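Source file: my_file13.txt; contents: compact mmCIF, C-alpha atoms (C1' of nucleotides).
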```txt
# COMPACT_ATOMS: atom_id res chain seq x y z
CA MET J 20 14.33 16.76 10.15
CA VAL J 21 15.30 14.29 7.47
CA GLN J 22 18.41 15.21 5.60
CA THR J 23 19.45 14.20 2.18
CA VAL J 24 22.39 11.87 2.18
CA PRO J 25 25.25 14.33 2.64
CA ARG J 26 28.13 14.45 0.26
CA SER J 27 31.26 13.11 1.78
CA PRO J 28 33.00 16.07 3.42
CA SER J 29 36.12 15.99 1.26
CA ARG J 30 35.82 18.50 -1.55
CA GLY J 31 36.49 17.67 -5.13
CA GLY J 32 34.53 15.65 -7.62
CA ARG J 33 31.55 16.61 -9.72
CA PRO J 34 29.13 18.82 -7.77
CA ARG J 35 25.51 17.91 -7.33
CA ASP J 36 23.19 19.48 -9.83
CA PRO J 37 20.65 21.65 -7.93
CA GLN J 38 18.24 21.32 -10.84
CA VAL J 39 18.20 17.61 -10.14
CA ASP J 40 17.19 18.31 -6.52
CA ALA J 41 14.30 20.46 -7.66
CA ALA J 42 13.24 18.02 -10.33
CA ILE J 43 13.08 15.20 -7.78
CA VAL J 44 10.92 17.16 -5.36
CA ASP J 45 8.55 18.17 -8.13
CA ALA J 46 8.37 14.62 -9.39
CA VAL J 47 7.52 13.24 -5.95
CA LEU J 48 4.71 15.75 -5.49
CA ALA J 49 3.38 15.00 -8.95
CA GLU J 50 3.49 11.25 -8.43
CA LEU J 51 1.88 11.47 -5.00
CA ALA J 52 -0.89 13.54 -6.49
CA ALA J 53 -1.67 10.73 -8.87
CA VAL J 54 -1.19 7.61 -6.77
CA PRO J 55 -1.13 6.77 -3.07
CA TYR J 56 2.15 6.41 -1.28
CA SER J 57 2.11 2.65 -1.35
CA LYS J 58 1.79 2.65 -5.12
CA MET J 59 4.31 5.39 -5.78
CA ARG J 60 7.25 3.66 -7.42
CA MET J 61 10.79 4.87 -7.24
CA ASP J 62 11.21 4.03 -10.91
CA ASP J 63 8.33 6.33 -11.79
CA VAL J 64 9.67 9.18 -9.69
CA ALA J 65 13.03 8.83 -11.37
CA GLN J 66 11.53 8.74 -14.81
CA ARG J 67 9.32 11.75 -14.21
CA ALA J 68 12.26 13.70 -12.83
CA GLY J 69 14.33 12.72 -15.85
CA VAL J 70 16.86 11.12 -13.58
CA ALA J 71 18.31 7.68 -12.92
CA LYS J 72 16.96 5.75 -9.97
CA THR J 73 20.44 5.51 -8.56
CA THR J 74 20.49 9.29 -8.35
CA LEU J 75 17.54 9.17 -5.96
CA TYR J 76 19.37 6.77 -3.70
CA ARG J 77 22.46 8.93 -3.74
CA ARG J 78 20.41 11.62 -1.97
CA TYR J 79 17.85 9.72 0.04
CA PRO J 80 18.45 6.40 1.75
CA SER J 81 14.92 5.11 1.20
CA LYS J 82 11.52 5.83 -0.27
CA VAL J 83 10.08 7.06 2.99
CA ALA J 84 13.02 9.40 3.51
CA LEU J 85 12.49 10.83 0.06
CA VAL J 86 8.83 11.52 0.71
CA ARG J 87 9.50 12.91 4.16
CA ALA J 88 12.06 15.35 2.90
CA THR J 89 9.79 16.43 0.08
CA LEU J 90 6.91 16.99 2.47
CA GLU J 91 8.94 18.97 4.94
CA GLN J 92 9.97 21.25 2.18
CA TYR J 93 6.43 21.58 0.90
CA LEU J 94 4.68 22.11 4.21
CA THR J 95 6.65 25.21 5.11
CA ARG J 96 4.82 27.24 2.51
CA PHE J 97 1.83 28.25 4.63
CA THR J 98 1.73 31.76 6.02
CA PHE J 99 -0.51 33.75 8.34
CA LEU J 100 -2.07 37.07 7.55
CA ASP J 101 -0.90 39.75 9.95
CA SER J 102 -4.09 41.52 10.91
CA SER J 103 -6.04 42.27 14.07
CA ASP J 104 -9.34 41.48 12.34
CA VAL J 105 -10.17 37.90 13.26
CA GLU J 106 -12.50 37.34 10.34
CA ALA J 107 -9.86 38.58 7.92
CA VAL J 108 -7.26 36.17 9.29
CA LEU J 109 -9.63 33.22 9.24
CA SER J 110 -10.79 34.00 5.72
CA ASP J 111 -7.22 34.14 4.60
CA ILE J 112 -6.53 30.74 6.14
CA THR J 113 -9.52 29.13 4.52
CA ARG J 114 -8.66 30.74 1.22
CA GLN J 115 -5.19 29.21 1.38
CA GLN J 116 -6.74 25.86 2.14
CA VAL J 117 -9.04 26.12 -0.82
CA ASP J 118 -6.10 26.99 -3.02
CA GLU J 119 -4.21 23.97 -1.74
CA PHE J 120 -6.91 21.39 -1.54
CA ALA J 121 -9.24 22.36 -4.31
CA THR J 122 -6.73 22.70 -7.07
CA GLY J 123 -3.36 21.51 -8.20
CA ALA J 124 -1.08 18.64 -7.51
CA PRO J 125 0.31 19.59 -4.08
CA GLY J 126 -3.09 19.45 -2.40
CA ALA J 127 -3.87 16.08 -3.87
CA ALA J 128 -0.46 14.90 -2.81
CA LEU J 129 -1.04 16.15 0.71
CA SER J 130 -4.33 14.33 0.95
CA ASN J 131 -2.67 11.18 -0.29
CA VAL J 132 0.02 11.51 2.30
CA CYS J 133 -2.56 12.09 5.01
CA ALA J 134 -4.17 8.87 3.91
CA GLU J 135 -0.90 7.03 4.14
CA ALA J 136 0.14 8.70 7.37
CA ASN J 137 -2.75 6.96 9.05
CA HIS J 138 -0.48 3.97 9.52
CA ASN J 139 2.93 5.19 8.64
CA PRO J 140 4.42 6.77 11.75
CA GLU J 141 7.30 8.30 9.86
CA LEU J 142 5.04 10.30 7.60
CA ALA J 143 2.47 10.93 10.30
CA ALA J 144 5.09 12.75 12.33
CA VAL J 145 5.79 15.17 9.51
CA VAL J 146 2.16 15.86 8.71
CA ARG J 147 1.08 16.20 12.30
CA HIS J 148 3.90 18.48 13.17
CA ALA J 149 2.83 20.81 10.40
CA PHE J 150 -0.83 20.74 11.37
CA ARG J 151 -0.03 21.25 15.02
CA ALA J 152 1.99 24.32 14.21
CA LYS J 153 -0.93 25.69 12.26
CA ARG J 154 -3.32 25.00 15.13
CA LYS J 155 -1.06 26.76 17.59
CA GLU J 156 -0.89 29.86 15.47
CA LEU J 157 -4.63 29.87 14.92
CA ALA J 158 -5.31 29.44 18.63
CA ARG J 159 -3.32 32.59 19.26
CA VAL J 160 -5.49 34.47 16.78
CA LEU J 161 -8.67 33.30 18.50
CA ARG J 162 -7.42 34.15 21.98
CA ARG J 163 -6.52 37.60 20.78
CA GLY J 164 -9.99 37.92 19.34
CA ILE J 165 -11.48 37.05 22.71
CA ALA J 166 -9.21 39.47 24.50
CA ASP J 167 -10.23 42.42 22.37
CA GLY J 168 -13.92 41.57 22.35
CA GLN J 169 -14.32 40.32 18.79
CA LEU J 170 -15.19 36.86 20.07
CA ARG J 171 -17.20 35.48 22.97
CA ALA J 172 -15.29 34.83 26.14
CA ASP J 173 -16.66 31.29 26.48
CA LEU J 174 -15.74 30.28 22.94
CA ASP J 175 -14.74 26.62 22.55
CA ILE J 176 -11.36 27.34 20.98
CA GLU J 177 -10.28 23.74 20.47
CA LEU J 178 -13.47 22.89 18.67
CA MET J 179 -13.25 26.04 16.59
CA LEU J 180 -9.81 24.98 15.39
CA ASP J 181 -11.13 21.59 14.39
CA LEU J 182 -13.97 23.11 12.46
CA LEU J 183 -11.69 25.50 10.63
CA LEU J 184 -9.27 22.81 9.53
CA ALA J 185 -11.44 19.73 9.16
CA VAL J 186 -13.75 20.49 6.28
CA PHE J 187 -11.24 20.46 3.47
CA PRO J 188 -9.50 17.20 4.28
CA TYR J 189 -12.90 15.68 4.96
CA ARG J 190 -14.19 16.46 1.51
CA LEU J 191 -11.11 15.14 -0.17
CA LEU J 192 -10.53 12.07 1.93
CA VAL J 193 -13.95 10.92 2.95
CA SER J 194 -16.92 12.34 1.13
CA GLY J 195 -15.09 12.74 -2.14
CA GLU J 196 -17.12 15.81 -3.01
CA PRO J 197 -15.43 18.73 -4.72
CA VAL J 198 -14.36 21.75 -2.71
CA PRO J 199 -16.29 24.78 -3.97
CA ARG J 200 -14.20 27.91 -3.98
CA ASP J 201 -16.75 29.99 -2.11
CA LEU J 202 -16.27 27.75 0.91
CA ALA J 203 -13.36 30.02 1.76
CA ALA J 204 -15.83 32.77 2.59
CA ARG J 205 -18.76 30.70 3.85
CA LEU J 206 -16.79 28.76 6.43
CA PRO J 207 -15.47 31.62 8.59
CA ARG J 208 -18.75 33.48 8.23
CA ALA J 209 -20.79 30.55 9.50
CA LEU J 210 -18.40 29.85 12.35
CA LEU J 211 -18.23 33.46 13.44
CA ASP J 212 -22.00 33.69 13.49
CA GLY J 213 -21.95 31.62 16.64
CA ALA J 214 -18.72 32.97 18.02
CA ARG J 215 -19.43 36.66 18.45
CA PRO J 216 -20.26 38.06 21.90
CA MET Q 22 -23.36 -4.83 -4.23
CA VAL Q 23 -20.57 -7.35 -4.01
CA GLN Q 24 -21.73 -10.86 -3.48
CA THR Q 25 -19.90 -13.72 -2.01
CA VAL Q 26 -19.03 -16.35 -4.54
CA PRO Q 27 -22.30 -18.26 -4.76
CA ARG Q 28 -22.50 -21.92 -4.13
CA SER Q 29 -23.10 -23.84 -7.27
CA PRO Q 30 -26.88 -24.15 -7.70
CA SER Q 31 -27.10 -27.91 -7.40
CA ARG Q 32 -27.99 -28.89 -3.86
CA GLY Q 33 -26.19 -31.44 -1.85
CA GLY Q 34 -22.75 -31.42 -0.38
CA ARG Q 35 -21.50 -29.99 2.88
CA PRO Q 36 -23.26 -26.71 3.71
CA ARG Q 37 -21.31 -23.53 4.40
CA ASP Q 38 -20.69 -22.83 8.04
CA PRO Q 39 -22.33 -19.48 8.94
CA GLN Q 40 -19.93 -19.11 11.84
CA VAL Q 41 -17.14 -19.05 9.30
CA ASP Q 42 -18.85 -16.16 7.50
CA ALA Q 43 -19.09 -14.18 10.71
CA ALA Q 44 -15.54 -14.99 11.72
CA ILE Q 45 -14.24 -13.71 8.40
CA VAL Q 46 -16.08 -10.40 8.64
CA ASP Q 47 -14.85 -9.88 12.18
CA ALA Q 48 -11.33 -10.75 11.19
CA VAL Q 49 -11.32 -8.27 8.31
CA LEU Q 50 -12.53 -5.46 10.56
CA ALA Q 51 -9.96 -6.36 13.17
CA GLU Q 52 -7.12 -6.50 10.66
CA LEU Q 53 -8.15 -3.26 9.01
CA ALA Q 54 -8.19 -1.61 12.39
CA ALA Q 55 -4.57 -2.53 12.85
CA VAL Q 56 -3.07 -2.05 9.40
CA PRO Q 57 -3.96 -0.13 6.27
CA TYR Q 58 -5.66 -1.87 3.40
CA SER Q 59 -2.50 -2.21 1.38
CA LYS Q 60 -0.79 -4.04 4.22
CA MET Q 61 -3.70 -6.22 5.17
CA ARG Q 62 -2.68 -9.75 4.16
CA MET Q 63 -5.08 -12.47 3.24
CA ASP Q 64 -3.00 -14.91 5.22
CA ASP Q 65 -3.45 -12.81 8.34
CA VAL Q 66 -7.19 -12.49 7.85
CA ALA Q 67 -7.43 -16.24 7.47
CA GLN Q 68 -5.35 -16.90 10.53
CA ARG Q 69 -7.29 -14.45 12.68
CA ALA Q 70 -10.57 -15.96 11.53
CA GLY Q 71 -9.24 -19.43 12.31
CA VAL Q 72 -9.83 -20.41 8.74
CA ALA Q 73 -7.79 -21.56 5.76
CA LYS Q 74 -6.93 -18.99 3.12
CA THR Q 75 -8.60 -21.14 0.51
CA THR Q 76 -11.83 -20.73 2.43
CA LEU Q 77 -11.65 -16.98 1.88
CA TYR Q 78 -11.29 -17.47 -1.84
CA ARG Q 79 -14.22 -19.83 -1.93
CA ARG Q 80 -16.42 -16.93 -0.81
CA TYR Q 81 -14.75 -13.86 -2.25
CA PRO Q 82 -12.96 -13.72 -5.57
CA SER Q 83 -10.34 -11.21 -4.42
CA LYS Q 84 -9.03 -9.12 -1.56
CA VAL Q 85 -10.91 -6.01 -2.61
CA ALA Q 86 -14.16 -7.95 -2.92
CA LEU Q 87 -13.70 -9.29 0.57
CA VAL Q 88 -13.17 -5.83 2.02
CA ARG Q 89 -16.03 -4.33 0.06
CA ALA Q 90 -18.48 -6.93 1.24
CA THR Q 91 -17.33 -6.52 4.81
CA LEU Q 92 -17.74 -2.76 4.63
CA GLU Q 93 -21.17 -2.88 3.11
CA GLN Q 94 -22.27 -5.05 5.93
CA TYR Q 95 -20.68 -2.82 8.53
CA LEU Q 96 -21.86 0.53 7.19
CA THR Q 97 -25.54 -0.32 7.47
CA ARG Q 98 -25.41 -0.07 11.24
CA PHE Q 99 -26.00 3.67 11.59
CA THR Q 100 -29.44 4.84 12.64
CA PHE Q 101 -31.19 8.17 13.08
CA LEU Q 102 -32.99 9.29 16.19
CA ASP Q 103 -36.66 9.90 15.50
CA SER Q 104 -37.29 13.22 17.20
CA SER Q 105 -38.50 16.66 16.23
CA ASP Q 106 -35.87 18.33 18.40
CA VAL Q 107 -33.00 19.22 16.09
CA GLU Q 108 -30.41 19.44 18.83
CA ALA Q 109 -31.41 16.02 20.08
CA VAL Q 110 -31.02 14.45 16.66
CA LEU Q 111 -27.66 16.10 16.05
CA SER Q 112 -26.37 15.14 19.46
CA ASP Q 113 -27.36 11.59 18.80
CA ILE Q 114 -25.50 11.59 15.51
CA THR Q 115 -22.33 12.98 17.01
CA ARG Q 116 -22.60 10.56 19.89
CA GLN Q 117 -22.73 7.67 17.45
CA GLN Q 118 -19.72 9.06 15.68
CA VAL Q 119 -17.79 9.31 18.91
CA ASP Q 120 -18.69 5.73 19.70
CA GLU Q 121 -17.49 4.64 16.29
CA PHE Q 122 -14.41 6.75 15.85
CA ALA Q 123 -13.14 7.20 19.35
CA THR Q 124 -13.21 3.60 20.42
CA GLY Q 125 -13.07 0.11 19.12
CA ALA Q 126 -11.87 -1.63 16.03
CA PRO Q 127 -14.62 -0.76 13.55
CA GLY Q 128 -13.97 2.96 13.72
CA ALA Q 129 -10.26 2.51 13.22
CA ALA Q 130 -11.01 0.19 10.33
CA LEU Q 131 -13.30 2.75 8.79
CA SER Q 132 -10.67 5.43 8.99
CA ASN Q 133 -8.18 3.09 7.41
CA VAL Q 134 -10.56 2.35 4.60
CA CYS Q 135 -11.20 6.04 4.09
CA ALA Q 136 -7.49 6.45 3.77
CA GLU Q 137 -7.27 3.73 1.18
CA ALA Q 138 -10.41 4.84 -0.63
CA ASN Q 139 -8.61 8.00 -1.56
CA HIS Q 140 -7.18 6.15 -4.52
CA ASN Q 141 -9.09 2.95 -4.67
CA PRO Q 142 -12.28 3.60 -6.64
CA GLU Q 143 -13.82 0.29 -5.67
CA LEU Q 144 -13.67 1.07 -1.97
CA ALA Q 145 -14.37 4.76 -2.45
CA ALA Q 146 -17.71 3.92 -3.98
CA VAL Q 147 -18.78 1.98 -0.93
CA VAL Q 148 -17.65 4.58 1.58
CA ARG Q 149 -19.04 7.52 -0.32
CA HIS Q 150 -22.36 5.90 -0.85
CA ALA Q 151 -22.70 5.43 2.88
CA PHE Q 152 -21.66 8.97 3.72
CA ARG Q 153 -23.92 10.43 1.07
CA ALA Q 154 -26.88 8.58 2.53
CA LYS Q 155 -26.06 9.99 5.93
CA ARG Q 156 -25.82 13.52 4.53
CA LYS Q 157 -29.15 13.23 2.83
CA GLU Q 158 -30.87 12.14 5.98
CA LEU Q 159 -29.23 14.92 7.98
CA ALA Q 160 -30.18 17.53 5.43
CA ARG Q 161 -33.80 16.55 5.90
CA VAL Q 162 -33.48 17.08 9.64
CA LEU Q 163 -32.03 20.55 9.12
CA ARG Q 164 -34.68 21.59 6.62
CA ARG Q 165 -37.36 20.47 9.02
CA GLY Q 166 -35.65 22.53 11.71
CA ILE Q 167 -35.82 25.58 9.50
CA ALA Q 168 -39.44 24.94 8.62
CA ASP Q 169 -40.57 24.82 12.23
CA GLY Q 170 -38.45 27.75 13.34
CA GLN Q 171 -35.77 25.95 15.32
CA LEU Q 172 -33.14 27.09 12.84
CA ARG Q 173 -32.48 30.28 10.89
CA ALA Q 174 -34.03 30.44 7.44
CA ASP Q 175 -30.74 31.46 5.79
CA LEU Q 176 -28.75 28.60 7.33
CA ASP Q 177 -25.97 27.24 5.10
CA ILE Q 178 -27.17 23.65 5.17
CA GLU Q 179 -24.44 22.16 3.05
CA LEU Q 180 -21.72 23.68 5.20
CA MET Q 181 -23.52 22.60 8.34
CA LEU Q 182 -23.45 19.00 7.13
CA ASP Q 183 -19.75 19.22 6.47
CA LEU Q 184 -19.07 20.60 9.91
CA LEU Q 185 -21.13 17.89 11.58
CA LEU Q 186 -19.39 15.06 9.81
CA ALA Q 187 -15.87 16.35 9.24
CA VAL Q 188 -14.40 16.69 12.70
CA PHE Q 189 -14.12 13.04 13.62
CA PRO Q 190 -12.47 11.79 10.46
CA TYR Q 191 -10.21 14.83 10.56
CA ARG Q 192 -8.89 14.02 13.99
CA LEU Q 193 -8.27 10.42 13.12
CA LEU Q 194 -6.85 10.84 9.66
CA VAL Q 195 -5.04 14.13 9.74
CA SER Q 196 -4.31 15.67 13.09
CA GLY Q 197 -3.92 12.36 14.85
CA GLU Q 198 -5.31 13.81 18.06
CA PRO Q 199 -7.60 11.72 20.22
CA VAL Q 200 -11.36 12.22 20.04
CA PRO Q 201 -12.57 13.38 23.47
CA ARG Q 202 -15.93 11.92 24.36
CA ASP Q 203 -17.46 15.25 25.28
CA LEU Q 204 -17.09 16.35 21.68
CA ALA Q 205 -20.41 14.64 21.12
CA ALA Q 206 -22.08 17.39 23.13
CA ARG Q 207 -19.79 20.32 22.31
CA LEU Q 208 -20.06 19.98 18.56
CA PRO Q 209 -23.84 20.37 18.09
CA ARG Q 210 -23.97 23.03 20.79
CA ALA Q 211 -21.33 25.15 19.11
CA LEU Q 212 -22.87 24.74 15.69
CA LEU Q 213 -26.37 25.55 16.87
CA ASP Q 214 -25.12 28.69 18.58
CA GLY Q 215 -24.80 30.23 15.18
CA ALA Q 216 -27.73 28.49 13.59
CA ARG Q 217 -30.67 29.64 15.67
CA PRO Q 218 -32.96 32.38 14.39
C1' DC B 20 -24.23 -46.47 0.44
C1' DA B 21 -22.57 -42.78 -3.69
C1' DG B 22 -22.18 -38.06 -4.98
C1' DT B 23 -21.14 -33.43 -3.90
C1' DT B 24 -19.36 -29.50 -1.64
C1' DT B 25 -16.93 -27.37 2.27
C1' DC B 26 -12.87 -27.04 4.74
C1' DG B 27 -7.90 -27.30 6.53
C1' DC B 28 -3.36 -27.91 5.07
C1' DT B 29 0.88 -27.46 2.42
C1' DA B 30 3.18 -26.02 -1.22
C1' DC B 31 3.43 -23.70 -5.14
C1' DT B 32 3.41 -19.80 -9.15
C1' DC B 33 4.07 -15.32 -10.48
C1' DA B 34 4.15 -10.40 -10.49
C1' DT B 35 5.76 -6.38 -8.21
C1' DC B 36 9.09 -3.28 -6.45
C1' DA B 37 12.57 -1.44 -3.03
C1' DG B 38 17.11 -1.26 -3.01
C1' DT B 39 21.93 -2.79 -5.08
C1' DT B 40 25.91 -3.47 -8.18
C1' DG B 41 29.04 -2.46 -11.80
C1' DC B 42 30.52 0.32 -15.51
C1' DG B 43 31.31 3.97 -18.53
C1' DT B 44 30.93 8.99 -18.69
C1' DT B 45 30.89 13.77 -17.12
C1' DA B 46 32.12 17.73 -14.28
C1' DC B 47 34.38 19.54 -11.03
C1' DT B 48 39.15 20.64 -7.69
C1' DC B 49 44.11 20.86 -6.93
C1' DG E 11 47.09 16.15 -16.05
C1' DA E 12 45.33 13.01 -11.54
C1' DG E 13 41.79 12.31 -8.27
C1' DT E 14 37.10 12.23 -6.95
C1' DA E 15 32.24 12.31 -6.98
C1' DA E 16 27.80 12.89 -9.65
C1' DC E 17 25.31 11.03 -13.12
C1' DG E 18 22.88 7.57 -16.59
C1' DC E 19 22.15 2.92 -17.75
C1' DA E 20 21.12 -1.86 -17.39
C1' DA E 21 20.89 -5.79 -15.05
C1' DC E 22 20.33 -7.91 -10.80
C1' DT E 23 18.80 -9.56 -5.82
C1' DG E 24 15.52 -10.53 -2.49
C1' DA E 25 11.46 -10.10 -0.11
C1' DT E 26 6.70 -9.86 -0.14
C1' DG E 27 2.09 -11.26 -0.98
C1' DA E 28 -2.12 -12.28 -4.05
C1' DG E 29 -4.00 -16.00 -5.87
C1' DT E 30 -3.83 -21.31 -7.18
C1' DA E 31 -3.44 -26.53 -7.04
C1' DG E 32 -3.81 -30.94 -4.98
C1' DC E 33 -4.79 -33.66 -1.22
C1' DG E 34 -7.47 -35.97 2.51
C1' DA E 35 -11.18 -35.41 5.61
C1' DA E 36 -15.70 -33.83 7.20
C1' DA E 37 -20.68 -32.90 6.47
C1' DC E 38 -24.48 -32.81 4.15
C1' DT E 39 -28.44 -35.00 0.32
C1' DG E 40 -30.70 -38.72 -2.08
```

Exercise: express the given structure as structure tokens:
Amino acid sequence: MVQTVPRSPSRGGRPRDPQVDAAIVDAVLAELAAVPYSKMRMDDVAQRAGVAKTTLYRRYPSKVALVRATLEQYLTRFTFLDSSDVEAVLSDITRQQVDEFATGAPGAALSNVCAEANHNPELAAVVRHAFRAKRKELARVLRRGIADGQLRADLDIELMLDLLLAVFPYRLLVSGEPVPRDLAARLPRALLDGARP
Amino acid sequence: MVQTVPRSPSRGGRPRDPQVDAAIVDAVLAELAAVPYSKMRMDDVAQRAGVAKTTLYRRYPSKVALVRATLEQYLTRFTFLDSSDVEAVLSDITRQQVDEFATGAPGAALSNVCAEANHNPELAAVVRHAFRAKRKELARVLRRGIADGQLRADLDIELMLDLLLAVFPYRLLVSGEPVPRDLAARLPRALLDGARP
DNA sequence: CAGTTTCGCTACTCATCAGTTGCGTTACTC
DNA sequence: GAGTAACGCAACTGATGAGTAGCGAAACTG
């Protein structure tokens, strides 16, 4: 867990402006949506946040620390639907992915970070930790589905997880094709066709 | 189609060494397997190829031109199995992908280029052209499978293509997990489970 | 042979950008 | 008020790396 540079413990002095914190995070996400990590410039982040570059370095020791902290904050937003209906849970997951990846800056930023993470261990750790957590949760859903007879007993769970999570990044990062919104419904339907007992 | 810098048309003079051409291509693939595009240095390519940097610039006007030309050459290697058995064709495709992505420098280079292509239109064009060609060919296989009754008539072909091609890049670029070799068999099997009439 | 082009080598130019420094100002605490 | 830390601003350092220039030598053509 990357921390911002902490204030020195002694009290007193002008307090940090929390609006500045928020503005910086937003600016990083916006910049990363537009350019890859390697081309994201600290000057641009500062300017977009309406902040001096020195202010960035008062909070984060380096560019990578800034991005890491921003990502960690961003990646905690995913949630899981609490339902015993496997198809409902999976549809909800894919719908969230469509919302993230198909539209808006954060999804584009995430795909850019994935691209960079390929050879930036610091960022890879953050991204992979988040995706692993998601996989773990999803695996539990599938095992429960097997236990109560919604899914085949010999289901290839690991592969199923890949298929659920792979399509959206693939379209953004590799094929470059747009992500149609109805994919949120088509994906779990197609996968479950082969997964029922 | 990026060309090497052509020799001036007048004949005479020392001919280009074709071994140098090959060494350069190999060196680019090897470098790109180790570092992302943005960190690939022309000096390193030259050194690995056992060639002077000026020699690179005699053939390619810029870094991006060098990488593009190398990729175009590399991406023409994929082939399709000529068989009427859909599962056989799909298994062959996934096997080729495993060979490419799970092992060896070229696959790692490709994933690195995919990462860079995310915001480098010049490279994106090359990669996407190659993947689009592959999709087209695969779509034909699936339609044939529907026509002769191997596959369901209401199969979601587009989604099927995504699922066939997405898993390997996903593992490399996003989840960072290794690509087990038996995925080549598990993937088409799982997909066909839900695709038969 | 003369002419031409490739090639290795060394050294250079030049732009970019992360991170720093110093200073004046502002907003708090005691 | 005095002390302290957050801010903006502007100028700077220092490293990195794409692309270039000039040289001497090697390899071909006529």

Please, which residues are within 10 Å of (-11.8, 23.0, 18.8) by the file's coordinates, counting all atoms listed in the file, and could they come as a count of residues only? 18

Name the residues, using the chain letters and numbers of the file, that sit within 10 Å of (-29.9, -39.6, -1.0) when counting all atoms listed in the file, and give them as a PyMOL selection string. (chain Q and resi 33) or (chain B and resi 20-22) or (chain E and resi 39-40)

Counting all atoms listed in the file, which residues from chain Q have an atom at most 6 Å from any atom of chain J, and could you show them as a ChimeraX atom specification? /Q:135-136,139,149,187-188,191,194-196,214-215

Give me, as a ChimeraX atom specification, the contact residues of chain B against chain Q at a cut-off of 6 Å, counting all atoms listed in the file. /B:23-25,27

Near chain Q, which residues of chain E fall within 12 Å when you count all atoms listed in the file, and what do they look like as number ranges by chain? E: 26-31, 35-40

Atom pair CA of Gln68 (chain Q) + C1' of DC31 (chain B), distance 19.2 Å

Using all atoms listed in the file, determine which residues lie at most 10 Å from Gln169 (chain J), disregarding the query and same-chain residues fewer than 4 positions distant; provide the list as a PyMOL selection string. chain J and resi 103-106+161-165+211+214-216

Listed atoms of region 19-33 of chain E boxed axis-aligned with 6 Å per side, centre + edges as lines of an AutoDock Vina configuration file:
```
center_x = 8.7
center_y = -15.4
center_z = -8.9
size_x = 38.9
size_y = 48.6
size_z = 29.6
```

Can you measure CA of Val49 (chain Q) to CA of Leu102 (chain Q) for me? One decimal in Å is fine.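 Between these atoms lies a distance of 29.0 Å.
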
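A straight line drawn from CA of Pro199 (chain Q) to CA of Ala152 (chain J) is 16.9 Å long.
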
Missing atoms of region 169-180 of chain J rebuilt to N, CA and C atoms, written as a CSV table (one decimal), in the frame of the given file:
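Final output, selection.csv:
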```csv
chain,number,residue,atom,x,y,z
J,169,GLN,N,-13.7,40.7,20.1
J,169,GLN,CA,-14.3,40.3,18.8
J,169,GLN,C,-15.0,39.0,18.9
J,170,LEU,N,-14.6,38.2,19.9
J,170,LEU,CA,-15.2,36.9,20.1
J,170,LEU,C,-15.7,36.7,21.5
J,171,ARG,N,-16.7,35.8,21.6
J,171,ARG,CA,-17.2,35.5,23.0
J,171,ARG,C,-16.1,35.0,23.9
J,172,ALA,N,-16.3,35.3,25.2
J,172,ALA,CA,-15.3,34.8,26.1
J,172,ALA,C,-15.3,33.3,26.3
J,173,ASP,N,-16.5,32.7,26.2
J,173,ASP,CA,-16.7,31.3,26.5
J,173,ASP,C,-16.5,30.4,25.2
J,174,LEU,N,-15.9,31.0,24.2
J,174,LEU,CA,-15.7,30.3,22.9
J,174,LEU,C,-15.0,29.0,23.1
J,175,ASP,N,-15.4,27.9,22.5
J,175,ASP,CA,-14.7,26.6,22.6
J,175,ASP,C,-13.6,26.6,21.5
J,176,ILE,N,-12.5,27.1,21.9
J,176,ILE,CA,-11.4,27.3,21.0
J,176,ILE,C,-10.9,26.1,20.3
J,177,GLU,N,-10.8,25.0,21.0
J,177,GLU,CA,-10.3,23.7,20.5
J,177,GLU,C,-11.2,23.3,19.4
J,178,LEU,N,-12.5,23.3,19.7
J,178,LEU,CA,-13.5,22.9,18.7
J,178,LEU,C,-13.5,23.8,17.4
J,179,MET,N,-13.3,25.1,17.7
J,179,MET,CA,-13.2,26.0,16.6
J,179,MET,C,-12.1,25.7,15.6
J,180,LEU,N,-11.0,25.3,16.2
J,180,LEU,CA,-9.8,25.0,15.4
J,180,LEU,C,-10.1,23.8,14.5
```
